[in-house]
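Below you'll find the structure, written out as structure tokens, and then a few comments.
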Amino acid sequence: MLFRSFIWLYIRSKQHKPSTTDGDARAVEIVRQIAQLAEESGVRVALYPHTGFYVARVEDAVRVAEKVDRANVGVTFNLCHWLKVDGPADLGRRLRLALPRLFLVTINGADRDGTTWDRLIQPLDRGTFDVYEMLKMLNDLGYTGPVGLQCYGVPGDKKENLRHSMKAWRAFSARLAAD
């Protein structure tokens with residue numbers, strides 16, 4: 001039986017500021033330990049860049065994953081945290097950087113220049129950020145891994161939000177298939 005499970009791992013530090021390399025040696029040591037245990041269970045470890053954490057950017061996740069140098073350690077590209085930390089610039093460069101270790105991607109509706117979570121995490125059919133273009137870019141780069149929907153803290157009726165997001169996903173998928 002093939003398991004396609006992940007541990008989503010974010011890395012925090014009380015001693016080191018976000019996106020520095022000062023704590024990399026300790027982070028790598030811990031991630032290697034987790035990766036060993038995960039590998040024994042057929043599980044992959046996807047480093048999760050999170051605003052304000054030691055690994056805050058996709059570049060940080062790639063740097064740490066490369067230092068860990070284990071086949072079952074990769075990265076997540078999370079749309080809302082990328083927009084919050086870096087803004088909408090250089091998406092293609094960041095996706096190309098992550099691609100060799102990109103285990104999964106999370107998307108959601110978002111405002112391109114949003115700064116608050118209510119503008120950065122919305123149902124997939126809302127917001128000014130062009131999610132379809134991001135998906136097309138991933139497709140053009142050859143990414144074939146999972147794409148998840150980020151729904152954390154989205155206000156409103158959950159079933160209605162999911163219905164809207166599923167409708168948007170189906171439309172994106174149809175457009176990608178037609179291109």
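Chain lettering (A, B, ...) mirrors the order of the structure tokens, residue numbering begins at 1 for each chain separately, and ligand numbering begins at 1 in order of display.
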
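Residues in contact with range 134-143 of chain A at up to 9 Å, not including ones fewer than 3 positions away on its chain and judged by only C-alpha atoms, are Leu91, Gly92, Leu95, Arg96, Leu99, Leu102, Asp130, Val131, Pro146, Phe172, Ser173, Leu176 and Asp179 of chain A.
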
Selection from above, C-alpha atoms, as a compact mmCIF listing (two decimals), in the first residue's frame, can you write it?
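Contents of out.txt, as written:
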```txt
# COMPACT_ATOMS: atom_id res chain seq x y z
CA LEU A 91 6.02 34.41 -8.06
CA GLY A 92 7.62 32.59 -10.99
CA LEU A 95 7.94 28.61 -7.71
CA ARG A 96 10.96 27.63 -9.84
CA LEU A 99 9.91 23.13 -7.65
CA LEU A 102 7.79 21.18 -3.88
CA ASP A 130 -5.18 35.77 -10.13
CA VAL A 131 -5.12 32.23 -8.76
CA PRO A 146 -1.39 18.06 -4.61
CA PHE A 172 -9.80 26.71 -13.15
CA SER A 173 -9.40 23.00 -13.95
CA LEU A 176 -6.19 24.51 -17.62
CA ASP A 179 -5.13 25.60 -22.63
```

Close residues, Arg4 in chain A itself excluded, 12 Å, only C-alpha atoms, min 3 positions apart in chain, as a CSV table (one decimal) with N, CA and C atoms, in the first residue's frame:
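File around10.csv, as written:
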```csv
chain,number,residue,atom,x,y,z
A,1,MET,N,0.8,-1.2,0.0
A,1,MET,CA,0.0,0.0,0.0
A,1,MET,C,0.9,1.2,0.0
A,7,ILE,N,3.6,15.2,6.8
A,7,ILE,CA,3.6,16.0,8.1
A,7,ILE,C,3.9,17.4,7.6
A,38,ALA,N,9.6,9.7,10.2
A,38,ALA,CA,8.6,9.8,9.1
A,38,ALA,C,8.8,8.8,8.0
A,39,GLU,N,10.1,8.7,7.6
A,39,GLU,CA,10.5,7.7,6.6
A,39,GLU,C,10.1,6.3,7.0
A,41,SER,N,7.7,5.3,8.5
A,41,SER,CA,6.3,5.1,8.4
A,41,SER,C,5.8,5.5,7.0
A,42,GLY,N,6.7,5.7,6.0
A,42,GLY,CA,6.3,6.1,4.7
A,42,GLY,C,5.7,7.4,4.5
A,43,VAL,N,6.1,8.4,5.4
A,43,VAL,CA,5.5,9.7,5.4
A,43,VAL,C,6.5,10.7,5.0
A,44,ARG,N,6.1,11.7,4.3
A,44,ARG,CA,7.0,12.8,3.8
A,44,ARG,C,6.8,14.0,4.8
A,45,VAL,N,7.8,14.8,4.9
A,45,VAL,CA,7.8,16.0,5.7
A,45,VAL,C,7.8,17.2,4.8
A,46,ALA,N,6.8,18.1,4.9
A,46,ALA,CA,6.7,19.3,4.0
A,46,ALA,C,6.9,20.5,4.9
A,72,ASN,N,12.6,12.5,1.6
A,72,ASN,CA,11.3,12.7,2.1
A,72,ASN,C,11.0,14.0,2.8
A,103,PHE,N,6.5,19.7,-2.5
A,103,PHE,CA,5.6,18.6,-2.2
A,103,PHE,C,4.1,18.9,-2.3
A,104,LEU,N,3.7,20.1,-2.0
A,104,LEU,CA,2.4,20.6,-2.1
A,104,LEU,C,2.2,22.1,-2.1
A,145,GLY,N,1.9,17.7,-8.2
A,145,GLY,CA,1.6,17.3,-6.8
A,145,GLY,C,0.2,17.9,-6.4
A,146,PRO,N,-0.1,17.6,-5.1
A,146,PRO,CA,-1.4,18.1,-4.6
A,146,PRO,C,-1.5,19.6,-4.5
```

d(CA of Glu133 in chain A, CA of Pro18 in chain A) in Å: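 If I compute the distance from CA of Glu133 in chain A to CA of Pro18 in chain A, I get 28.7 Å.
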
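Across A:Ile107, A:Leu83, A:Val75, A:Ile34, the tightest approach to Val147 in chain A is made by A:Ile107 when counting only C-alpha atoms.
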
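Secondary structure by DSSP on the backbone puts the following residues of range 53-136 of chain A in strand (DSSP E): Val73, Gly74, Val75, Thr76, Phe77, Asn78, Leu102, Phe103, Leu104, Val105, Thr106 and Ile107 of chain A.
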